[in-house]
Structures are given as C-alpha cells and as structure tokens.
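To be precise, the following lines are final_25.txt, and they hold compact mmCIF, C-alpha atoms and all ligand atoms.
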```
# COMPACT_ATOMS: atom_id res chain seq x y z
CA MET I 1 0.00 0.00 0.00
CA LEU I 2 1.45 3.36 -1.01
CA HIS I 3 0.95 5.99 1.66
CA PRO I 4 1.15 9.75 1.22
CA ILE I 5 3.88 11.22 3.40
CA ILE I 6 1.99 12.65 6.36
CA ALA I 7 4.77 15.11 7.26
CA ASP I 8 4.56 16.68 3.82
CA PRO I 9 3.10 20.14 4.56
CA SER I 10 0.35 19.88 1.96
CA VAL I 11 -0.66 16.41 3.20
CA THR I 12 -0.75 17.61 6.84
CA LYS I 13 -2.91 20.60 5.89
CA HIS I 14 -5.23 18.37 3.91
CA ILE I 15 -5.63 15.98 6.87
CA LEU I 16 -6.33 18.84 9.29
CA ARG I 17 -8.95 20.29 6.94
CA ARG I 18 -10.57 16.95 6.23
CA PHE I 19 -11.00 16.14 9.92
CA LYS I 20 -11.76 19.77 10.86
CA LEU I 21 -8.87 19.68 13.31
CA ARG I 22 -6.99 22.53 14.91
CA ALA I 23 -3.81 22.01 16.84
CA VAL I 24 -4.72 22.05 20.54
CA LYS I 25 -2.36 24.38 22.37
CA ASN I 26 -3.07 22.84 25.77
CA PHE I 27 -1.86 19.48 24.50
CA GLY I 28 1.33 21.03 23.11
CA GLN I 29 0.38 20.12 19.56
CA ASN I 30 2.97 21.24 17.00
CA PHE I 31 2.87 18.78 14.14
CA LEU I 32 6.04 18.01 12.17
CA ILE I 33 5.76 19.18 8.57
CA ASP I 34 9.26 18.34 7.42
CA PRO I 35 9.85 14.82 6.04
CA GLN I 36 13.62 15.35 6.19
CA ILE I 37 13.45 15.92 9.94
CA VAL I 38 11.32 12.79 10.36
CA ARG I 39 14.00 10.85 8.48
CA LYS I 40 16.80 12.34 10.55
CA ILE I 41 15.04 11.43 13.80
CA VAL I 42 14.47 7.84 12.63
CA ASP I 43 18.13 7.62 11.57
CA THR I 44 19.31 9.08 14.88
CA ALA I 45 17.33 6.41 16.72
CA GLU I 46 18.91 3.74 14.44
CA ILE I 47 15.52 2.15 13.95
CA SER I 48 15.41 -1.34 12.45
CA PRO I 49 12.76 -4.07 12.17
CA GLU I 50 14.09 -5.58 15.43
CA ASP I 51 13.00 -2.56 17.44
CA ASP I 52 10.08 -2.09 19.78
CA VAL I 53 9.41 1.63 19.91
CA LEU I 54 7.34 3.71 22.28
CA GLU I 55 6.22 6.98 20.74
CA ILE I 56 4.74 9.61 23.02
CA GLY I 57 2.18 11.83 21.33
CA ALA I 58 1.41 10.37 17.90
CA GLY I 59 -0.45 13.46 16.70
CA ILE I 60 -1.66 12.74 13.17
CA GLY I 61 1.10 10.17 12.65
CA SER I 62 3.91 12.15 10.97
CA LEU I 63 6.76 10.64 12.99
CA THR I 64 4.92 7.35 13.59
CA GLN I 65 4.89 6.78 9.85
CA GLY I 66 8.68 7.19 9.63
CA LEU I 67 9.12 4.63 12.42
CA LEU I 68 6.72 2.17 10.79
CA GLU I 69 8.37 2.61 7.39
CA ALA I 70 11.68 1.65 9.05
CA GLY I 71 9.99 -1.58 10.14
CA ALA I 72 9.69 -1.02 13.90
CA ARG I 73 6.89 -2.30 16.08
CA VAL I 74 5.38 0.92 17.38
CA THR I 75 3.28 1.55 20.45
CA ALA I 76 2.07 5.14 20.35
CA VAL I 77 0.40 6.95 23.22
CA GLU I 78 -1.88 9.88 22.44
CA ILE I 79 -3.99 11.89 24.88
CA ASP I 80 -6.24 13.65 22.37
CA LYS I 81 -9.42 11.61 21.92
CA LYS I 82 -10.05 13.17 18.52
CA LEU I 83 -6.91 11.67 17.00
CA PRO I 84 -7.55 7.88 16.96
CA ALA I 85 -10.05 8.33 14.12
CA VAL I 86 -7.45 10.30 12.18
CA LEU I 87 -4.64 7.82 12.83
CA LYS I 88 -6.89 4.95 11.81
CA GLU I 89 -7.00 6.50 8.38
CA THR I 90 -3.52 8.03 8.03
CA LEU I 91 -1.78 4.85 9.21
CA ALA I 92 -4.23 2.35 7.67
CA GLY I 93 -2.45 -0.70 6.32
CA TYR I 94 0.63 -0.46 8.51
CA GLU I 95 1.10 -3.56 10.60
CA ASN I 96 2.85 -3.58 13.97
CA PHE I 97 1.15 -0.41 15.14
CA ARG I 98 -0.79 -0.11 18.34
CA LEU I 99 -2.35 3.03 19.73
CA ILE I 100 -2.97 3.64 23.42
CA VAL I 101 -5.30 6.54 24.07
CA GLY I 102 -4.44 8.21 27.36
CA ASP I 103 -2.10 10.38 29.36
CA VAL I 104 1.43 8.96 29.23
CA LEU I 105 2.05 10.12 32.80
CA GLN I 106 -0.83 7.95 34.06
CA LEU I 107 0.22 4.76 32.31
CA ASN I 108 2.24 1.88 33.69
CA LEU I 109 5.01 1.98 31.09
CA SER I 110 6.84 -1.12 32.32
CA GLU I 111 3.65 -3.14 31.81
CA LEU I 112 3.09 -1.53 28.43
CA MET I 113 6.66 -2.17 27.23
CA PRO I 114 7.80 -5.42 28.93
CA ARG I 115 10.83 -5.95 26.64
CA PRO I 116 13.80 -3.67 25.90
CA PHE I 117 12.59 -0.76 23.78
CA LYS I 118 13.48 2.59 22.29
CA VAL I 119 11.60 5.80 22.85
CA VAL I 120 11.16 8.21 19.97
CA ALA I 121 9.04 11.30 20.49
CA ASN I 122 8.38 14.85 19.49
CA LEU I 123 7.41 15.71 23.05
CA PRO I 124 4.62 18.02 24.14
CA TYR I 125 6.65 20.89 25.60
CA TYR I 126 4.35 21.62 28.57
CA ILE I 127 5.34 18.35 30.29
CA THR I 128 8.77 17.59 28.82
CA THR I 129 10.61 17.33 32.13
CA GLN I 130 8.03 15.09 33.81
CA ILE I 131 8.05 12.75 30.81
CA LEU I 132 11.86 12.63 30.67
CA LEU I 133 12.10 11.82 34.37
CA GLU I 134 9.48 9.12 33.93
CA LEU I 135 11.38 7.61 30.98
CA LEU I 136 14.64 7.54 32.94
CA ASN I 137 12.97 5.55 35.69
CA ARG I 138 15.17 2.66 36.73
CA GLU I 139 12.29 0.15 36.40
CA LEU I 140 11.94 0.71 32.66
CA GLN I 141 13.76 -1.22 29.97
CA ALA I 142 14.30 1.77 27.67
CA THR I 143 17.67 1.47 25.92
CA LYS I 144 17.67 4.62 23.80
CA ILE I 145 15.54 7.74 24.16
CA VAL I 146 15.40 10.11 21.21
CA THR I 147 13.33 13.19 21.87
CA MET I 148 12.54 16.51 20.30
CA VAL I 149 12.55 19.14 23.04
CA GLN I 150 12.97 22.90 23.26
CA ARG I 151 16.60 23.82 22.56
CA GLU I 152 16.91 25.33 26.02
CA VAL I 153 15.85 22.01 27.59
CA ALA I 154 18.31 20.13 25.35
CA GLU I 155 21.06 22.39 26.63
CA ARG I 156 20.06 21.77 30.24
CA MET I 157 19.93 18.00 29.69
CA THR I 158 23.49 17.96 28.34
CA ALA I 159 25.01 20.76 30.47
CA VAL I 160 28.26 20.18 32.33
CA PRO I 161 29.27 21.54 35.77
CA ASN I 162 30.33 25.18 36.18
CA SER I 163 27.67 26.51 33.82
CA LYS I 164 24.53 28.42 34.73
CA ILE I 165 22.25 25.91 33.02
CA TYR I 166 23.70 22.86 34.80
CA GLY I 167 21.05 21.72 37.25
CA ALA I 168 18.97 18.89 38.70
CA LEU I 169 17.71 17.92 35.23
CA SER I 170 21.29 17.63 33.89
CA VAL I 171 22.22 15.34 36.79
CA ALA I 172 19.03 13.25 36.48
CA VAL I 173 19.57 12.69 32.76
CA GLN I 174 23.32 12.07 32.90
CA PHE I 175 23.03 9.76 35.91
CA ARG I 176 21.24 7.27 33.73
CA ALA I 177 22.27 8.10 30.19
CA ASP I 178 24.92 9.35 27.83
CA ALA I 179 23.02 12.37 26.47
CA ARG I 180 23.92 14.31 23.32
CA LYS I 181 22.22 17.04 21.37
CA ILE I 182 22.24 15.94 17.74
CA PHE I 183 20.65 18.77 15.72
CA ASP I 184 18.42 21.82 15.95
CA VAL I 185 15.04 22.13 14.29
CA PRO I 186 13.64 25.54 13.32
CA PRO I 187 10.05 26.60 14.13
CA GLU I 188 9.08 26.42 10.42
CA SER I 189 9.37 22.62 10.54
CA PHE I 190 6.16 22.48 12.59
CA LEU I 191 2.52 23.40 12.15
CA PRO I 192 1.76 25.60 13.97
CA PRO I 193 5.34 26.86 14.48
CA PRO I 194 6.34 26.95 18.16
CA GLU I 195 7.83 30.16 19.54
CA VAL I 196 11.21 28.55 20.16
CA THR I 197 13.88 26.55 18.33
CA SER I 198 13.78 22.84 19.06
CA SER I 199 16.52 20.22 19.29
CA VAL I 200 16.75 16.48 19.00
CA VAL I 201 18.56 14.82 21.88
CA VAL I 202 19.64 11.21 22.08
CA CYS I 203 20.03 9.51 25.44
CA ASP I 204 21.80 6.15 25.42
CA VAL I 205 20.64 4.59 28.63
CA GLN I 206 23.39 3.03 30.70
CA LYS I 207 24.06 1.78 34.20
CA PRO I 208 24.60 4.56 36.75
CA PRO I 209 28.35 5.22 36.99
CA PHE I 210 28.52 4.53 40.75
CA THR I 211 26.72 2.76 43.55
CA VAL I 212 24.52 4.99 45.65
CA ASP I 213 21.15 4.98 47.35
CA GLU I 214 19.40 6.62 44.41
CA ASP I 215 16.50 8.15 46.32
CA PHE I 216 18.90 9.77 48.76
CA TYR I 217 21.28 10.85 45.97
CA PHE I 218 18.50 12.75 44.22
CA LYS I 219 17.32 14.23 47.51
CA ILE I 220 20.80 15.73 47.93
CA VAL I 221 20.89 16.92 44.32
CA ARG I 222 17.47 18.59 44.51
CA THR I 223 18.20 20.21 47.88
CA ALA I 224 21.54 21.58 46.70
CA PHE I 225 20.08 23.05 43.50
CA VAL I 226 17.06 24.67 45.20
CA GLN I 227 19.55 27.13 46.70
CA ARG I 228 22.11 26.96 43.93
CA ARG I 229 23.81 30.24 44.88
CA LYS I 230 24.66 28.96 48.36
CA THR I 231 27.74 26.89 49.18
CA ILE I 232 26.94 23.25 49.82
CA LEU I 233 27.96 23.73 53.43
CA ASN I 234 24.91 25.98 53.77
CA SER I 235 22.45 24.50 51.27
CA LEU I 236 22.98 20.97 52.66
CA ALA I 237 23.45 21.99 56.30
CA SER I 238 20.36 20.05 57.39
CA PHE I 239 22.18 16.81 56.47
CA GLY I 240 24.99 17.59 58.94
CA ARG I 241 27.69 20.25 58.62
CA GLU I 242 30.34 18.05 60.25
CA LYS I 243 29.84 15.30 57.71
CA ILE I 244 30.01 17.77 54.82
CA LEU I 245 33.33 19.07 56.15
CA THR I 246 34.80 15.55 56.19
CA SER I 247 33.22 14.36 52.92
CA GLY I 248 36.24 15.14 50.78
CA VAL I 249 34.16 17.50 48.63
CA ASN I 250 35.13 21.16 48.94
CA PRO I 251 32.37 22.61 51.21
CA SER I 252 32.68 26.09 49.72
CA LEU I 253 31.59 24.91 46.28
CA ARG I 254 28.04 25.43 45.01
CA ALA I 255 25.74 22.79 43.50
CA GLU I 256 26.55 24.02 40.01
CA ASN I 257 30.26 23.23 40.56
CA LEU I 258 29.71 19.59 41.54
CA SER I 259 30.10 16.66 39.18
CA LEU I 260 27.84 13.61 39.36
CA ALA I 261 30.67 11.81 41.16
CA ASP I 262 30.95 14.63 43.74
CA PHE I 263 27.24 14.28 44.48
CA ALA I 264 27.74 10.53 44.88
CA GLN I 265 30.57 11.07 47.33
CA LEU I 266 28.42 13.47 49.34
CA ALA I 267 25.41 11.15 49.27
CA ASN I 268 27.48 8.23 50.53
CA VAL I 269 28.93 10.28 53.41
CA LEU I 270 25.74 12.10 54.41
CA LYS I 271 23.53 9.02 54.35
N1 LIG P 1 4.31 13.18 16.92
C1 LIG P 1 3.52 14.21 16.29
C2 LIG P 1 4.37 15.00 15.33
O1 LIG P 1 5.61 14.91 15.46
O2 LIG P 1 3.82 15.69 14.49
C3 LIG P 1 2.88 15.15 17.34
C4 LIG P 1 3.86 15.88 18.24
S1 LIG P 1 3.11 17.13 19.26
C5 LIG P 1 4.53 18.12 19.62
C6 LIG P 1 2.85 16.34 20.83
C7 LIG P 1 1.72 15.30 20.85
O3 LIG P 1 1.63 14.79 22.20
C8 LIG P 1 0.35 15.85 20.52
O4 LIG P 1 -0.27 15.04 19.57
C9 LIG P 1 -0.42 15.82 21.84
O5 LIG P 1 -1.81 15.64 21.71
C10 LIG P 1 0.26 14.65 22.57
N2 LIG P 1 0.19 14.73 24.04
C11 LIG P 1 0.16 15.84 24.81
N3 LIG P 1 0.12 15.52 26.11
C12 LIG P 1 0.15 14.16 26.18
C13 LIG P 1 0.09 13.24 27.26
N4 LIG P 1 0.05 13.65 28.54
N5 LIG P 1 0.10 11.92 26.97
C14 LIG P 1 0.14 11.50 25.66
N6 LIG P 1 0.17 12.33 24.62
C15 LIG P 1 0.18 13.66 24.86
```
Kindly present the structure from the file in structure tokens form.
Amino acid sequence: MLHPIIADPSVTKHILRRFKLRAVKNFGQNFLIDPQIVRKIVDTAEISPEDDVLEIGAGIGSLTQGLLEAGARVTAVEIDKKLPAVLKETLAGYENFRLIVGDVLQLNLSELMPRPFKVVANLPYYITTQILLELLNRELQATKIVTMVQREVAERMTAVPNSKIYGALSVAVQFRADARKIFDVPPESFLPPPEVTSSVVVCDVQKPPFTVDEDFYFKIVRTAFVQRRKTILNSLASFGREKILTSGVNPSLRAENLSLADFAQLANVLK
C-alpha cells in the first residue's frame, strides 16, 4: 500500500482540513511538517525491524509513519481523543502499530513495554521534564531515548558543571544516560510553528556510573540546587555540617560546581 507522506506540509494541511482539526495548544500540539526531519530522527534512533518503539504523542502520525516505514513495532500513546479516528485512516495498512489513548504520565510503562525498547518522540513541551524523568525511571527497559525538546531544555539535559544551566535535570539525565544534542530544528518545521527553536537529543541509557542509594542521591541533588547560589555547606546543612566538612568534597563549592561523582561522594557520606 502506497501511503502519502503525512509530514509533507500539503498532506498535513489536507488531513487537518478533512478532519476539521486545529492544533490544541493545551496538548502542546505542533505537528512536524518536514519529512527530512522525520527521516533524521528515525536515523538518529537507528531504527530497524528488530525494534520495539514507544512513541509519546502520535499526533496525526507524521513521525509514527517514519518509524513504521523503518519496520519497527510501534506503540504510540496519544492523549487527544479526537486523534484515533485520524490515525486509523492516516496509518491504515501499517502492521505492527498499536495506539494507546491516554495520558502517558498515568500509564504503567513497564507493563506496556515489557521488553527492551526505544523511545522516539516529538514531546509536548508543557510536560517535557516530567516525561523525561518518567522515561529515565530505573524500572523501565528503555535502551535509547530520542526526543525533540525545546533547545533550552536540550542544553540543560546535556550541560556540564560550572555553567549556569547545569542543574537537577542535567544530573538526572546524565546519571542514567549518555546524552547528546544531535541537531536543531527551526520553528518552520512544525505546524503551527512553536515560539522557540527545538533540538533532537539522544540519550543512550546506561548503568549509573557509581553505587549509591538513588532516592537519597536525588534528595541531595534537589536540595543543593534549590539554593544553587549557596555553598553546599549551607544549602545541605540540614544533612549535617560536620559530615560535609569531612566528605572530601570542597564545602565552599556550590551545587553548580559539583560533578555527578561529587554528588555521589556526598550522598554516601551524608547518608
Ligand atoms: N508526533 C507528532 C508529530 O511529530 O507531528 C505530534 C507531536 S506534538 C509536539 C505532541 C503530541 O503529544 C500531541 O499530539 C499531543 O496531543 C500529545 N500529548 C500531549 N500531552 C500528552 C500526554 N500527557 N500523553 C500522551 N500524549 C500527549
């Protein structure tokens, strides 16, 4: 069956007209209208017929189609109840596609994806961070996470210590993954165009680089970054000033100066 390319701008506009659809701002709907970007995302995720893929936010199927054309088995989650009827038509004839209608943050993803899988998504920007943190959950079997996010979020995900944008999100992402920004995507590649430039980030999920009590580790990280201008001796004082002084980490540094390993050292001493 020969399918029109959904991400082709004229095809997208035709679909929206035919179904009398308007992008819903509250759902963060910015549909991809650039087939080249769809191809680049699929290539970045190194999709092959062996892959199980979770897509978050199928929209009208622009990216889903690229994944299916590459032969993957795709489970797509979509919150907008108007879209299943559209997807039934735009993706008719593709095998290995299943659609789950619902809020991704309410689903049990480890039940939904019981085998190792990749995530590929043009994320709704209003809940990007929550979704990323959910995807990096240690219970999940995600091996590679390729997401379109706002460029500013991409920069925070991949930031290194001693920069203003290095924060709790950087640590959370890098604790569990090797994260790299791959390319930027201009607003014109979407309908409607978002107000900001976007970026595609790949996260290769890997084992945490050290042994720590993870819940406690992230408690320390969050506490230190809430007052990021304070030295850790002050921002973490409630965990015990004496212990901080003997931790081996310079107590006059601030959260933004600490590497993931420094946080691990602190967590292991303060616990
Ligand atoms: N993948 C499509 C594309 O690239 O054209 C659509 C991307 S659009 C940026 C984000 C999609 O996520 C929308 O279709 C929106 O309805 C859906 N969405 C928003 N919030 C969601 C949620 N909590 N759970 C599942 N899908 C959601």
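Among the candidate residues I:Phe263, I:His3, I:Asn96, I:Gln36, the one lying nearest to Pro49 of chain I is I:Asn96, with distances computed using all atoms listed in the file.
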With a cut-off of 7 Å, could you pull out the residues of chain I touching ligand LIG 1 (chain P) and give me the nearest pair of atoms for each, distance in Å to one decimal, using all atoms listed in the file, ordered by chain and ascending number, as a Markdown table?
```
| residue | atom | partner | partner_atom | distance |
| --- | --- | --- | --- | --- |
| I:Phe27 | CA | P:LIG1 | C11 | 4.2 |
| I:Gly28 | CA | P:LIG1 | C6 | 5.4 |
| I:Gln29 | CA | P:LIG1 | S1 | 4.1 |
| I:Asn30 | CA | P:LIG1 | C5 | 4.4 |
| I:Phe31 | CA | P:LIG1 | O2 | 3.3 |
| I:Leu32 | CA | P:LIG1 | O2 | 4.0 |
| I:Ile56 | CA | P:LIG1 | N6 | 5.6 |
| I:Gly57 | CA | P:LIG1 | O3 | 3.1 |
| I:Ala58 | CA | P:LIG1 | N1 | 4.2 |
| I:Gly59 | CA | P:LIG1 | O4 | 3.3 |
| I:Ile60 | CA | P:LIG1 | C1 | 6.2 |
| I:Gly61 | CA | P:LIG1 | C1 | 6.0 |
| I:Ser62 | CA | P:LIG1 | O2 | 5.0 |
| I:Leu63 | CA | P:LIG1 | O1 | 5.1 |
| I:Thr64 | CA | P:LIG1 | N1 | 6.7 |
| I:Val77 | CA | P:LIG1 | C14 | 5.2 |
| I:Glu78 | CA | P:LIG1 | N6 | 3.9 |
| I:Ile79 | CA | P:LIG1 | N6 | 4.2 |
| I:Asp80 | CA | P:LIG1 | O5 | 4.9 |
| I:Gly102 | CA | P:LIG1 | N5 | 5.9 |
| I:Asp103 | CA | P:LIG1 | N5 | 3.6 |
| I:Val104 | CA | P:LIG1 | N5 | 4.0 |
| I:Leu105 | CA | P:LIG1 | N4 | 5.9 |
| I:Ala121 | CA | P:LIG1 | N1 | 6.2 |
| I:Asn122 | CA | P:LIG1 | C4 | 4.8 |
| I:Leu123 | CA | P:LIG1 | C5 | 5.1 |
| I:Pro124 | CA | P:LIG1 | C6 | 4.1 |
| I:Tyr125 | CA | P:LIG1 | C5 | 6.9 |
```
Save the residues we just selected, C-alpha atoms, as a compact mmCIF listing (two decimals), in the frame of the given file?
```txt
# COMPACT_ATOMS: atom_id res chain seq x y z
CA PHE I 27 -1.86 19.48 24.50
CA GLY I 28 1.33 21.03 23.11
CA GLN I 29 0.38 20.12 19.56
CA ASN I 30 2.97 21.24 17.00
CA PHE I 31 2.87 18.78 14.14
CA LEU I 32 6.04 18.01 12.17
CA ILE I 56 4.74 9.61 23.02
CA GLY I 57 2.18 11.83 21.33
CA ALA I 58 1.41 10.37 17.90
CA GLY I 59 -0.45 13.46 16.70
CA ILE I 60 -1.66 12.74 13.17
CA GLY I 61 1.10 10.17 12.65
CA SER I 62 3.91 12.15 10.97
CA LEU I 63 6.76 10.64 12.99
CA THR I 64 4.92 7.35 13.59
CA VAL I 77 0.40 6.95 23.22
CA GLU I 78 -1.88 9.88 22.44
CA ILE I 79 -3.99 11.89 24.88
CA ASP I 80 -6.24 13.65 22.37
CA GLY I 102 -4.44 8.21 27.36
CA ASP I 103 -2.10 10.38 29.36
CA VAL I 104 1.43 8.96 29.23
CA LEU I 105 2.05 10.12 32.80
CA ALA I 121 9.04 11.30 20.49
CA ASN I 122 8.38 14.85 19.49
CA LEU I 123 7.41 15.71 23.05
CA PRO I 124 4.62 18.02 24.14
CA TYR I 125 6.65 20.89 25.60
```
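Proximity of I:Val160, I:Ile41, I:Leu258, I:Leu87 to Ala224 of chain I, computed with all atoms listed in the file, is greatest for I:Leu258.
Proximity to Thr211 of chain I was assessed for I:Ile100, I:Leu112, I:Ala261, I:Leu107 counting only C-alpha atoms; the smallest distance is recorded for I:Ala261.
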_Shortest interatomic distance to Met157 of chain I - which of I:Ser170, I:Gln265, I:Asn257, I:Ser10, counting all atoms listed in the file_ = I:Ser170
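Distance check against Val221 of chain I using only C-alpha atoms: of I:Val196, I:Leu169, I:Pro209, I:Asp204, the minimum falls on I:Leu169.
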*Please indicate the distance in Å from atom CA of Ser163 of chain I to atom CA of Glu256 of chain I, rounded to one decimal place.*
6.8 Å
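Residues in contact with Phe216 of chain I at 10 Å, where all atoms listed in the file are counted and same-chain residues fewer than 2 positions away are skipped, are listed as I:Val212, I:Asp213, I:Glu214, I:Phe218, I:Lys219, I:Ile220, I:Val221, I:Arg222, I:Ala264, I:Ala267, I:Asn268, I:Leu270, I:Lys271.
Distance-wise, atom CA of Gly93 of chain I and atom CA of Ala23 of chain I end up 25.1 Å apart.
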Could you work out an axis-aligned bounding box for all listed atoms of segment 165-168 of chain I, with 5 Å added on each of the six sides, and give its centre and edge lengths in Å to one decimal, as AutoDock Vina command-line options?
```
--center_x 21.3 --center_y 22.4 --center_z 35.9 --size_x 14.7 --size_y 17.0 --size_z 15.7
```
*Could you check how far atom CA of Ser259 of chain I sits from atom CA of Val146 of chain I, in Å to one decimal?*
24.1 Å
*Show which residues sit within 10 Å of Lys13 of chain I, as an MDAnalysis selection string. Count all atoms listed in the file, and ignore same-chain residues fewer than 6 positions away.*
chainID I and resid 6:7 21 33 191
_Residues near Lys118 of chain I, anyone? I mean within 10 Å using all atoms listed in the file, not counting same-chain ones fewer than 2 positions away, as a list in words._
Ala45, Glu46, Ile47, Asp51, Asp52, Val53, Leu54, Glu55, Ala72, Val74, Met113, Arg115, Pro116, Val120, Ala121, Gln141, Ala142, Thr143, Lys144, Ile145, Val146, Asp204 and Val205 of chain I
